[in-house]
$ cat model.pdb   # PDB, C-alpha atoms
ATOM      1  CA  MET W  21       0.000   0.000   0.000
ATOM      2  CA  SER W  22       1.430   3.350  -0.885
ATOM      3  CA  GLU W  23       0.441   6.565   0.789
ATOM      4  CA  THR W  24       0.671   9.970  -0.761
ATOM      5  CA  ILE W  25       2.682  12.311   1.436
ATOM      6  CA  PRO W  26       1.034  15.703   1.485
ATOM      7  CA  ASP W  27       3.065  18.678   0.336
ATOM      8  CA  TYR W  28       2.509  21.378   2.930
ATOM      9  CA  ILE W  29       4.685  23.905   1.121
ATOM     10  CA  THR W  30       1.733  25.236  -0.837
ATOM     11  CA  PRO W  31       1.810  28.412  -2.929
ATOM     12  CA  GLU W  32       0.295  30.219   0.080
ATOM     13  CA  VAL W  33       3.148  29.029   2.305
ATOM     14  CA  LYS W  34       5.797  29.791  -0.346
ATOM     15  CA  ALA W  35       4.374  33.291  -0.630
ATOM     16  CA  VAL W  36       5.394  34.170   2.936
ATOM     17  CA  ILE W  37       9.035  33.077   2.558
ATOM     18  CA  GLY W  38      11.048  36.272   2.733
ATOM     19  CA  ALA W  39       8.193  38.163   4.371
ATOM     20  CA  GLU W  40       9.463  40.836   6.749
ATOM     21  CA  ALA W  41       7.588  42.189   9.710
ATOM     22  CA  PRO W  42       7.636  45.935  10.298
ATOM     23  CA  PRO W  43       9.796  46.809  13.331
ATOM     24  CA  VAL W  44       7.869  46.020  16.511
ATOM     25  CA  THR W  45       8.656  47.849  19.746
ATOM     26  CA  ALA W  46       8.057  45.986  23.010
ATOM     27  CA  ARG W  47       5.084  47.397  24.894
ATOM     28  CA  HIS W  48       7.054  47.695  28.118
ATOM     29  CA  ALA W  49      10.585  48.809  28.903
ATOM     30  CA  VAL W  50      12.960  46.226  30.393
ATOM     31  CA  GLU W  51      12.207  46.091  34.130
ATOM     32  CA  SER W  52      14.710  45.268  36.877
ATOM     33  CA  SER W  53      12.493  42.753  38.604
ATOM     34  CA  GLU W  54      11.693  41.070  35.291
ATOM     35  CA  VAL W  55      15.448  40.666  34.817
ATOM     36  CA  ARG W  56      15.686  39.276  38.362
ATOM     37  CA  ARG W  57      12.973  36.689  37.707
ATOM     38  CA  PHE W  58      14.717  35.723  34.472
ATOM     39  CA  HIS W  59      18.210  35.178  35.876
ATOM     40  CA  GLN W  60      16.879  33.521  39.028
ATOM     41  CA  ALA W  61      14.769  31.106  36.969
ATOM     42  CA  LEU W  62      17.850  30.471  34.848
ATOM     43  CA  ILE W  63      19.790  29.764  38.071
ATOM     44  CA  ASP W  64      22.423  32.274  36.969
ATOM     45  CA  ASN W  65      23.280  34.841  39.624
ATOM     46  CA  ALA W  66      26.147  36.513  37.728
ATOM     47  CA  PRO W  67      26.787  39.871  39.463
ATOM     48  CA  ARG W  68      26.501  41.772  36.182
ATOM     49  CA  PHE W  69      22.739  41.208  36.407
ATOM     50  CA  TRP W  70      22.282  42.882  39.789
ATOM     51  CA  ASN W  71      25.424  44.400  41.330
ATOM     52  CA  PRO W  72      26.368  47.954  40.215
ATOM     53  CA  GLU W  73      29.966  47.423  41.362
ATOM     54  CA  SER W  74      30.299  44.354  39.165
ATOM     55  CA  SER W  75      28.656  45.756  36.067
ATOM     56  CA  ARG W  76      30.772  48.825  35.350
ATOM     57  CA  ARG W  77      31.832  47.447  31.962
ATOM     58  CA  TYR W  78      28.165  47.443  30.971
ATOM     59  CA  GLY W  79      27.232  50.813  32.439
ATOM     60  CA  GLY W  80      25.246  49.231  35.269
ATOM     61  CA  PRO W  81      23.283  46.022  35.833
ATOM     62  CA  VAL W  82      22.149  44.373  32.613
ATOM     63  CA  ALA W  83      19.767  41.653  31.474
ATOM     64  CA  PRO W  84      21.103  38.234  30.441
ATOM     65  CA  MET W  85      22.135  38.264  26.767
ATOM     66  CA  GLY W  86      19.141  36.300  25.537
ATOM     67  CA  PHE W  87      16.595  38.318  27.497
ATOM     68  CA  PRO W  88      15.330  40.363  24.504
ATOM     69  CA  VAL W  89      14.049  37.171  22.867
ATOM     70  CA  HIS W  90      11.317  37.000  25.530
ATOM     71  CA  VAL W  91      10.140  40.595  25.934
ATOM     72  CA  PHE W  92       7.373  40.514  23.347
ATOM     73  CA  ARG W  93       4.579  39.571  25.711
ATOM     74  CA  ARG W  94       0.856  39.509  25.192
ATOM     75  CA  THR W  95      -0.598  42.990  24.922
ATOM     76  CA  GLU W  96      -3.899  44.038  26.437
ATOM     77  CA  GLU W  97      -5.519  43.908  22.991
ATOM     78  CA  GLU W  98      -4.668  40.233  22.441
ATOM     79  CA  PRO W  99      -6.839  37.339  23.659
ATOM     80  CA  ASP W 100      -5.941  35.463  26.830
ATOM     81  CA  PRO W 101      -4.327  32.156  25.775
ATOM     82  CA  LEU W 102      -5.556  30.530  28.982
ATOM     83  CA  ALA W 103      -9.168  31.150  27.931
ATOM     84  CA  MET W 104      -8.800  28.215  25.498
ATOM     85  CA  MET W 105      -7.410  25.748  28.012
ATOM     86  CA  ASP W 106     -10.765  23.967  28.255
ATOM     87  CA  GLN W 107     -10.161  22.689  24.722
ATOM     88  CA  PRO W 108      -8.418  19.329  25.165
ATOM     89  CA  ASP W 109      -6.364  19.594  21.963
ATOM     90  CA  TYR W 110      -5.173  23.157  22.588
ATOM     91  CA  ASP W 111      -1.447  23.122  23.357
ATOM     92  CA  GLY W 112      -1.201  26.651  24.758
ATOM     93  CA  VAL W 113       1.115  27.928  22.025
ATOM     94  CA  ASP W 114       0.420  31.043  20.005
ATOM     95  CA  ARG W 115       0.721  30.130  16.320
ATOM     96  CA  ALA W 116       1.656  33.723  15.494
ATOM     97  CA  LEU W 117       5.347  32.854  15.507
ATOM     98  CA  ARG W 118       6.511  36.472  15.654
ATOM     99  CA  PRO W 119       4.695  39.767  16.060
ATOM    100  CA  GLY W 120       3.981  41.248  12.663
ATOM    101  CA  LEU W 121       4.733  38.140  10.573
ATOM    102  CA  PRO W 122       1.900  36.408   8.683
ATOM    103  CA  PRO W 123       0.915  32.930   9.891
ATOM    104  CA  VAL W 124       2.385  29.800   8.288
ATOM    105  CA  LEU W 125      -0.747  27.961   7.191
ATOM    106  CA  VAL W 126       0.281  24.357   7.771
ATOM    107  CA  PRO W 127      -2.182  21.873   9.335
ATOM    108  CA  LEU W 128       0.422  20.264  11.611
ATOM    109  CA  LYS W 129      -0.434  20.376  15.293
ATOM    110  CA  ARG W 130       2.835  19.856  17.158
ATOM    111  CA  LEU W 131       5.310  22.706  17.425
ATOM    112  CA  MET W 132       8.885  22.329  18.660
ATOM    113  CA  ASN W 133      11.853  24.633  18.897
ATOM    114  CA  GLY W 134      14.610  23.203  16.709
ATOM    115  CA  GLY W 135      17.442  25.466  17.737
ATOM    116  CA  TYR W 136      19.142  28.819  17.411
ATOM    117  CA  GLU W 137      22.120  30.556  15.894
ATOM    118  CA  TYR W 138      22.972  33.707  17.841
ATOM    119  CA  GLU W 139      25.290  36.606  17.228
ATOM    120  CA  LEU W 140      25.614  38.731  20.368
ATOM    121  CA  PHE W 141      26.608  42.387  20.625
ATOM    122  CA  ARG W 142      25.276  44.081  23.747
ATOM    123  CA  HIS W 143      23.119  43.426  26.828
ATOM    124  CA  ALA W 144      19.759  45.138  27.208
ATOM    125  CA  ARG W 145      19.456  47.387  30.261
ATOM    126  CA  PRO W 146      16.506  48.209  32.489
ATOM    127  CA  GLY W 147      14.571  51.135  31.074
ATOM    128  CA  GLU W 148      15.275  50.305  27.429
ATOM    129  CA  ARG W 149      12.526  49.492  24.955
ATOM    130  CA  ILE W 150      13.500  46.661  22.643
ATOM    131  CA  VAL W 151      12.739  46.687  18.928
ATOM    132  CA  LEU W 152      12.391  43.466  16.941
ATOM    133  CA  LYS W 153      12.702  42.997  13.191
ATOM    134  CA  SER W 154      11.777  39.537  11.923
ATOM    135  CA  ARG W 155      11.631  37.795   8.565
ATOM    136  CA  TYR W 156      10.914  34.303   7.320
ATOM    137  CA  ALA W 157      14.284  33.206   5.939
ATOM    138  CA  ASP W 158      12.989  29.836   4.712
ATOM    139  CA  ILE W 159      10.174  27.339   5.064
ATOM    140  CA  TYR W 160      10.712  23.777   3.849
ATOM    141  CA  GLN W 161       9.488  20.234   4.340
ATOM    142  CA  ARG W 162      11.275  16.979   5.070
ATOM    143  CA  ASN W 163       9.510  13.651   5.174
ATOM    144  CA  GLY W 164      10.684  11.583   8.113
ATOM    145  CA  ARG W 165       9.757   8.148   9.404
ATOM    146  CA  THR W 166       7.041   9.697  11.544
ATOM    147  CA  GLY W 167       5.586  11.734   8.699
ATOM    148  CA  PRO W 168       6.115  15.140   7.171
ATOM    149  CA  ILE W 169       7.998  17.792   9.124
ATOM    150  CA  VAL W 170       7.921  21.474   8.231
ATOM    151  CA  PHE W 171      10.854  23.683   9.224
ATOM    152  CA  VAL W 172      10.234  27.409   9.623
ATOM    153  CA  VAL W 173      13.449  29.440   9.739
ATOM    154  CA  ILE W 174      13.133  32.950  11.168
ATOM    155  CA  ASP W 175      15.795  35.665  11.207
ATOM    156  CA  ASP W 176      15.393  38.093  14.098
ATOM    157  CA  SER W 177      17.269  41.281  14.872
ATOM    158  CA  TYR W 178      16.929  42.919  18.292
ATOM    159  CA  GLU W 179      17.931  46.543  18.842
ATOM    160  CA  THR W 180      17.403  49.287  21.370
ATOM    161  CA  GLY W 181      14.972  52.084  20.616
ATOM    162  CA  THR W 182      17.963  54.205  19.571
ATOM    163  CA  GLY W 183      19.159  51.617  17.052
ATOM    164  CA  GLU W 184      21.970  49.984  19.022
ATOM    165  CA  LYS W 185      22.358  46.341  18.039
ATOM    166  CA  LEU W 186      21.706  43.844  20.848
ATOM    167  CA  LEU W 187      21.684  40.479  19.107
ATOM    168  CA  ARG W 188      20.738  38.639  15.954
ATOM    169  CA  SER W 189      19.302  35.157  15.819
ATOM    170  CA  THR W 190      18.235  32.519  13.345
ATOM    171  CA  ASN W 191      15.605  30.290  14.934
ATOM    172  CA  THR W 192      14.341  27.025  13.436
ATOM    173  CA  ILE W 193      10.809  26.063  14.438
ATOM    174  CA  ILE W 194       9.604  22.544  13.706
ATOM    175  CA  LEU W 195       5.981  21.710  12.895
ATOM    176  CA  ARG W 196       4.969  18.075  12.771
TER     177      ARG W 196
ATOM    178  CA  MET V  20      33.382  42.924  43.699
ATOM    179  CA  GLY V  21      34.676  44.212  40.359
ATOM    180  CA  ASP V  22      34.930  42.930  36.829
ATOM    181  CA  THR V  23      35.576  39.224  36.467
ATOM    182  CA  GLN V  24      38.765  38.343  34.621
ATOM    183  CA  GLY V  25      37.841  35.774  32.025
ATOM    184  CA  ALA V  26      39.971  33.411  29.980
ATOM    185  CA  VAL V  27      43.109  34.788  28.267
ATOM    186  CA  PHE V  28      43.786  33.819  24.644
ATOM    187  CA  ASP V  29      47.462  32.918  25.154
ATOM    188  CA  ASP V  30      46.511  30.263  27.733
ATOM    189  CA  ILE V  31      44.077  28.422  25.448
ATOM    190  CA  GLU V  32      44.997  25.117  23.846
ATOM    191  CA  ILE V  33      43.078  23.270  21.170
ATOM    192  CA  GLY V  34      41.309  20.297  22.708
ATOM    193  CA  GLN V  35      41.002  22.015  26.087
ATOM    194  CA  ASP V  36      37.724  21.765  28.002
ATOM    195  CA  ILE V  37      36.249  24.955  29.436
ATOM    196  CA  PRO V  38      34.621  24.973  32.909
ATOM    197  CA  LYS V  39      31.280  23.196  32.840
ATOM    198  CA  VAL V  40      27.964  24.633  34.033
ATOM    199  CA  VAL V  41      25.854  22.079  35.924
ATOM    200  CA  LYS V  42      22.128  22.532  36.643
ATOM    201  CA  GLY V  43      19.860  20.221  38.517
ATOM    202  CA  PRO V  44      18.459  17.848  39.312
ATOM    203  CA  MET V  45      15.709  19.682  37.461
ATOM    204  CA  THR V  46      12.271  19.464  39.019
ATOM    205  CA  THR V  47       8.756  20.378  37.961
ATOM    206  CA  ALA V  48       9.160  23.513  40.093
ATOM    207  CA  HIS V  49      12.190  24.667  38.077
ATOM    208  CA  ILE V  50      10.274  24.182  34.840
ATOM    209  CA  VAL V  51       7.182  25.981  36.118
ATOM    210  CA  ARG V  52       9.283  28.857  37.507
ATOM    211  CA  TRP V  53      10.854  29.388  34.078
ATOM    212  CA  SER V  54       7.578  28.981  32.189
ATOM    213  CA  ALA V  55       5.851  31.509  34.445
ATOM    214  CA  ALA V  56       8.714  34.011  34.133
ATOM    215  CA  MET V  57       8.509  33.675  30.328
ATOM    216  CA  GLU V  58       4.692  33.478  30.257
ATOM    217  CA  ASN V  59       5.122  30.336  28.168
ATOM    218  CA  TRP V  60       1.875  28.366  28.428
ATOM    219  CA  HIS V  61       2.857  25.412  26.267
ATOM    220  CA  ARG V  62       1.142  22.564  28.085
ATOM    221  CA  ILE V  63       4.056  20.158  27.698
ATOM    222  CA  HIS V  64       5.891  22.194  30.363
ATOM    223  CA  TYR V  65       3.390  21.785  33.217
ATOM    224  CA  ASP V  66       0.426  19.580  32.250
ATOM    225  CA  TRP V  67       1.612  16.005  32.807
ATOM    226  CA  LYS V  68      -1.547  14.407  31.462
ATOM    227  CA  TYR V  69      -1.407  16.469  28.258
ATOM    228  CA  ALA V  70       2.335  15.857  27.812
ATOM    229  CA  THR V  71       2.125  12.091  28.278
ATOM    230  CA  GLU V  72      -1.324  11.140  27.005
ATOM    231  CA  HIS V  73      -1.982  13.733  24.313
ATOM    232  CA  ASP V  74       1.560  14.284  23.013
ATOM    233  CA  GLY V  75       2.981  10.872  23.924
ATOM    234  CA  LEU V  76       5.980  12.347  25.744
ATOM    235  CA  PRO V  77       7.690  10.544  28.635
ATOM    236  CA  ASP V  78       7.024  13.387  31.102
ATOM    237  CA  ILE V  79       6.731  17.169  31.108
ATOM    238  CA  MET V  80       9.617  18.797  29.260
ATOM    239  CA  VAL V  81      12.448  21.073  30.358
ATOM    240  CA  ASN V  82      12.077  24.187  28.176
ATOM    241  CA  GLY V  83      14.369  24.553  25.198
ATOM    242  CA  SER V  84      14.156  28.292  25.845
ATOM    243  CA  TRP V  85      15.760  27.669  29.271
ATOM    244  CA  LYS V  86      18.486  25.424  27.892
ATOM    245  CA  GLN V  87      19.496  27.987  25.287
ATOM    246  CA  HIS V  88      20.333  30.546  27.962
ATOM    247  CA  VAL V  89      22.369  27.986  29.886
ATOM    248  CA  MET V  90      24.457  27.540  26.737
ATOM    249  CA  ILE V  91      25.027  31.304  26.587
ATOM    250  CA  GLN V  92      25.850  31.324  30.337
ATOM    251  CA  LEU V  93      28.487  28.632  29.783
ATOM    252  CA  LEU V  94      30.307  30.902  27.333
ATOM    253  CA  ALA V  95      29.700  34.180  29.163
ATOM    254  CA  ASP V  96      31.084  32.720  32.405
ATOM    255  CA  TRP V  97      34.233  31.614  30.596
ATOM    256  CA  ALA V  98      34.689  34.929  28.764
ATOM    257  CA  GLY V  99      34.114  36.859  32.016
ATOM    258  CA  ASP V 100      33.970  40.646  31.883
ATOM    259  CA  THR V 101      37.127  40.863  29.767
ATOM    260  CA  GLY V 102      36.095  38.702  26.776
ATOM    261  CA  TRP V 103      32.922  38.300  24.728
ATOM    262  CA  ALA V 104      30.743  35.333  23.792
ATOM    263  CA  TRP V 105      30.185  36.395  20.173
ATOM    264  CA  LYS V 106      28.430  33.527  18.421
ATOM    265  CA  VAL V 107      26.598  30.460  19.664
ATOM    266  CA  ALA V 108      24.557  27.934  17.687
ATOM    267  CA  PHE V 109      22.877  24.727  18.823
ATOM    268  CA  GLN V 110      20.113  22.316  17.996
ATOM    269  CA  PHE V 111      17.542  20.982  20.434
ATOM    270  CA  ARG V 112      17.798  17.264  19.701
ATOM    271  CA  GLY V 113      17.182  15.680  23.082
ATOM    272  CA  MET V 114      14.288  15.792  25.491
ATOM    273  CA  ASN V 115      14.979  16.546  29.150
ATOM    274  CA  VAL V 116      12.584  15.810  31.971
ATOM    275  CA  PRO V 117      12.281  16.319  35.748
ATOM    276  CA  GLY V 118      15.044  14.402  37.509
ATOM    277  CA  ASP V 119      17.640  15.233  34.875
ATOM    278  CA  THR V 120      20.891  16.898  35.869
ATOM    279  CA  LEU V 121      22.229  18.877  32.920
ATOM    280  CA  THR V 122      25.862  19.670  32.254
ATOM    281  CA  ALA V 123      26.725  22.305  29.672
ATOM    282  CA  TRP V 124      30.212  21.760  28.286
ATOM    283  CA  GLY V 125      32.588  23.236  25.738
ATOM    284  CA  ARG V 126      35.805  22.114  24.059
ATOM    285  CA  VAL V 127      38.204  24.302  22.090
ATOM    286  CA  THR V 128      38.430  23.306  18.419
ATOM    287  CA  GLY V 129      40.378  26.224  17.015
ATOM    288  CA  LYS V 130      42.047  29.538  17.825
ATOM    289  CA  GLU V 131      43.184  32.489  15.769
ATOM    290  CA  ARG V 132      44.710  35.826  16.653
ATOM    291  CA  ARG V 133      42.755  38.683  15.096
ATOM    292  CA  GLY V 134      44.145  42.174  15.509
ATOM    293  CA  ARG V 135      44.623  42.923  19.206
ATOM    294  CA  PHE V 136      42.397  40.004  20.261
ATOM    295  CA  GLY V 137      42.017  36.266  19.893
ATOM    296  CA  VAL V 138      39.081  34.296  18.507
ATOM    297  CA  VAL V 139      38.408  30.829  19.891
ATOM    298  CA  ASP V 140      36.094  28.268  18.294
ATOM    299  CA  LEU V 141      34.390  25.652  20.418
ATOM    300  CA  GLU V 142      32.242  22.594  20.199
ATOM    301  CA  ILE V 143      29.522  22.820  22.830
ATOM    302  CA  GLY V 144      26.705  20.703  24.174
ATOM    303  CA  MET V 145      24.563  19.708  27.124
ATOM    304  CA  LEU V 146      24.720  16.233  28.611
ATOM    305  CA  ASP V 147      22.196  14.611  30.892
ATOM    306  CA  GLN V 148      23.219  12.461  33.858
ATOM    307  CA  LYS V 149      23.396   9.406  31.590
ATOM    308  CA  GLY V 150      25.896  11.149  29.325
ATOM    309  CA  GLN V 151      23.426  11.612  26.483
ATOM    310  CA  GLU V 152      23.958  14.679  24.327
ATOM    311  CA  GLY V 153      20.807  16.726  23.729
ATOM    312  CA  THR V 154      21.934  20.168  22.586
ATOM    313  CA  PRO V 155      24.946  19.914  20.258
ATOM    314  CA  GLY V 156      26.392  23.075  18.835
ATOM    315  CA  THR V 157      29.296  25.381  18.152
ATOM    316  CA  ALA V 158      30.451  28.728  19.507
ATOM    317  CA  ARG V 159      32.947  31.507  18.887
ATOM    318  CA  VAL V 160      34.350  33.546  21.773
ATOM    319  CA  VAL V 161      36.628  36.603  21.606
ATOM    320  CA  LEU V 162      39.306  36.841  24.299
ATOM    321  CA  PRO V 163      41.967  39.377  25.269
ATOM    322  CA  LEU V 164      45.650  38.683  24.734
ATOM    323  CA  ARG V 165      47.878  38.403  27.796
ATOM    324  CA  GLY V 166      48.629  41.939  28.939
ATOM    325  CA  GLY V 167      46.304  43.334  26.262
ATOM    326  CA  PRO V 168      43.124  45.370  26.593
ATOM    327  CA  PRO V 169      39.774  43.738  27.383
ATOM    328  CA  VAL V 170      37.446  43.120  24.469
ATOM    329  CA  PRO V 171      35.572  46.411  23.892
ATOM    330  CA  TYR V 172      31.944  46.548  24.931
ATOM    331  CA  PRO V 173      29.459  46.768  23.251
ATOM    332  CA  PHE V 174      31.050  44.217  20.950
ATOM    333  CA  ASP V 175      31.638  45.236  17.344
ATOM    334  CA  PRO V 176      33.185  42.513  15.137
ATOM    335  CA  ALA V 177      35.086  45.274  13.299
ATOM    336  CA  VAL V 178      37.560  45.389  16.234
ATOM    337  CA  LEU V 179      38.911  42.050  15.006
ATOM    338  CA  ASP V 180      40.022  43.615  11.747
ATOM    339  CA  ALA V 181      41.615  46.667  13.316
ATOM    340  CA  GLY V 182      45.394  46.583  13.742
TER     341      GLY V 182
END
$ encode --input "model.pdb" --output "structure tokens"
Amino acid sequence: MSETIPDYITPEVKAVIGAEAPPVTARHAVESSEVRRFHQALIDNAPRFWNPESSRRYGGPVAPMGFPVHVFRRTEEEPDPLAMMDQPDYDGVDRALRPGLPPVLVPLKRLMNGGYEYELFRHARPGERIVLKSRYADIYQRNGRTGPIVFVVIDDSYETGTGEKLLRSTNTIILR
Amino acid sequence: MGDTQGAVFDDIEIGQDIPKVVKGPMTTAHIVRWSAAMENWHRIHYDWKYATEHDGLPDIMVNGSWKQHVMIQLLADWAGDTGWAWKVAFQFRGMNVPGDTLTAWGRVTGKERRGRFGVVDLEIGMLDQKGQEGTPGTARVVLPLRGGPPVPYPFDPAVLDAG
């Protein structure tokens, strides 16, 4: 018996490859206690995150390098993701992969983070508003033993509101 | 407490291991603390029934988003306040669950003097307590030369091409 493997890279999906989001500014400035929760949950108490004496190189306490990746939180205009938790198949993950990027219309339910490539320039500091620029670098399909897998590759650039580079990343998201 | 002196380029040998970063044993509480701090509501990180019965996973999952920052910490700790963890890349290939103790590691694979600084290439990863690799990757760290200036901050790769 032969099965036809669906091709999820439809013209609609191909059309969003290369799509760029307009720059999105985080709703809130980086907050000291948000940084504290982050480095404590990471179990990383490096003094540069909290001690002014130990952070002179950075101009004062700074956020962990990867902090900007997580500052784009739900705004007051967006629906509460927990409101859907009564749906047994809902996994709790927002399918809008980045603010400002169009959705990838693939009917695969499981989403996994495949990995990152980072280039790091500067820590974010409390009080700064972070600006994100994202684009779909590639979207492609591989057919594995467990069925088709779609890889969504996103280039992200994080800067301060005054245009200072913080970090760049290439993130691969796996849909299966 | 002042700046932390990190590794010095002249002392680095190819094949050398850098100091490991060990976390764990990880518990459900660690995973929930991270998920709440990130506002990550993916059910596989806190809903055991969903993770095991719906998604067929062995348990709830340690967040990849948490592991990625441990990889950066590994390099930042080694570079200290005098070097710079410039590039880091890794794949999430393994699943980690409560009870796992995770060891981030790095091994020098190459070194090159660039201008007034040195660039070191590394193989990196994160092992569980059984020695299974789950997060293989590579990294590039910029270090000062012995007696030379610290790597300028913010980091601009152009300093590597300056004389």
$ resolve_selection --input "model.pdb" --expression "the ChimeraX specification (/W :<7) & /V" --output "list of chain:residue names"
V:Met20, V:Gly21, V:Asp22, V:Arg52, V:Trp53, V:Ala56, V:Met57, V:Trp60, V:His61, V:Arg62, V:Gly83, V:Trp85, V:His88, V:Trp105, V:Lys106, V:Val107, V:Ala108, V:Phe109, V:Gln110, V:Phe111, V:Pro173, V:Phe174, V:Asp175
$ resolve_selection --input "model.pdb" --expression "the PyMOL selection byres ((chain V and resi 149) around 10)" --output "ChimeraX atom specification"
/V:119-121,146-148,150-152
$ residues_near_point --input "model.pdb" --point "(12.4, 37.6, -0.6)" --cutoff "10 Å" --atoms "all atoms listed in the file" --output "short mmCIF file (atom, residue, chain, number, x, y, z; two decimals) with C-alpha atoms, keeping the file's coordinate frame"
data_model
loop_
_atom_site.label_atom_id
_atom_site.label_comp_id
_atom_site.auth_asym_id
_atom_site.auth_seq_id
_atom_site.Cartn_x
_atom_site.Cartn_y
_atom_site.Cartn_z
CA ALA W 35 4.37 33.29 -0.63
CA VAL W 36 5.39 34.17 2.94
CA ILE W 37 9.04 33.08 2.56
CA GLY W 38 11.05 36.27 2.73
CA ALA W 39 8.19 38.16 4.37
CA GLU W 40 9.46 40.84 6.75
CA ARG W 155 11.63 37.80 8.56
CA TYR W 156 10.91 34.30 7.32
CA ALA W 157 14.28 33.21 5.94
CA ASP W 158 12.99 29.84 4.71
#
$ closest_residue --input "model.pdb" --among "V:Tyr65, V:Tyr172, V:Trp103, V:Trp124" --to "Met90 in chain V" --atoms "all atoms listed in the file"
V:Trp124
$ closest_residue --input "model.pdb" --among "W:Val82, W:Leu125, W:Ala49, W:Leu195" --to "Asn163 in chain W" --atoms "only C-alpha atoms"
W:Leu195
$ atom_distance --input "model.pdb" --atom1 "CA of Val44 in chain W" --atom2 "CA of Ala144 in chain W"
16.0 Å
$ atom_distance --input "model.pdb" --atom1 "CA of Pro88 in chain W" --atom2 "CA of Val173 in chain W"
18.5 Å
$ residues_around --input "model.pdb" --residues "Met114 in chain V" --least-positions-apart "3" --cutoff "8 Å" --atoms "all atoms listed in the file" --output "number ranges by chain"
V: 80-81, 111, 153
$ residues_around --input "model.pdb" --residues "range 158-170 of chain V" --least-positions-apart "3" --cutoff "7 Å" --atoms "all atoms listed in the file" --output "list in words"
Ala26, Val27, Phe28, Asp29, Ala98, Thr101, Gly102, Trp103, Ala104, Trp105, Lys106, Val107, Ala108, Phe136, Gly137, Val138, Val139, Asp140, Leu141, Glu142 and Ile143 of chain V
$ atom_distance --input "model.pdb" --atom1 "CA of Leu94 in chain V" --atom2 "CA of Arg126 in chain V"
10.9 Å
$ residues_near_point --input "model.pdb" --point "(13.4, 48.0, 32.1)" --cutoff "6 Å" --atoms "all atoms listed in the file" --output "compact mmCIF listing (two decimals) with C-alpha atoms, in the coordinates of the input"
# COMPACT_ATOMS: atom_id res chain seq x y z
CA ALA W 49 10.58 48.81 28.90
CA VAL W 50 12.96 46.23 30.39
CA GLU W 51 12.21 46.09 34.13
CA SER W 52 14.71 45.27 36.88
CA PRO W 146 16.51 48.21 32.49
CA GLY W 147 14.57 51.14 31.07
CA GLU W 148 15.28 50.30 27.43
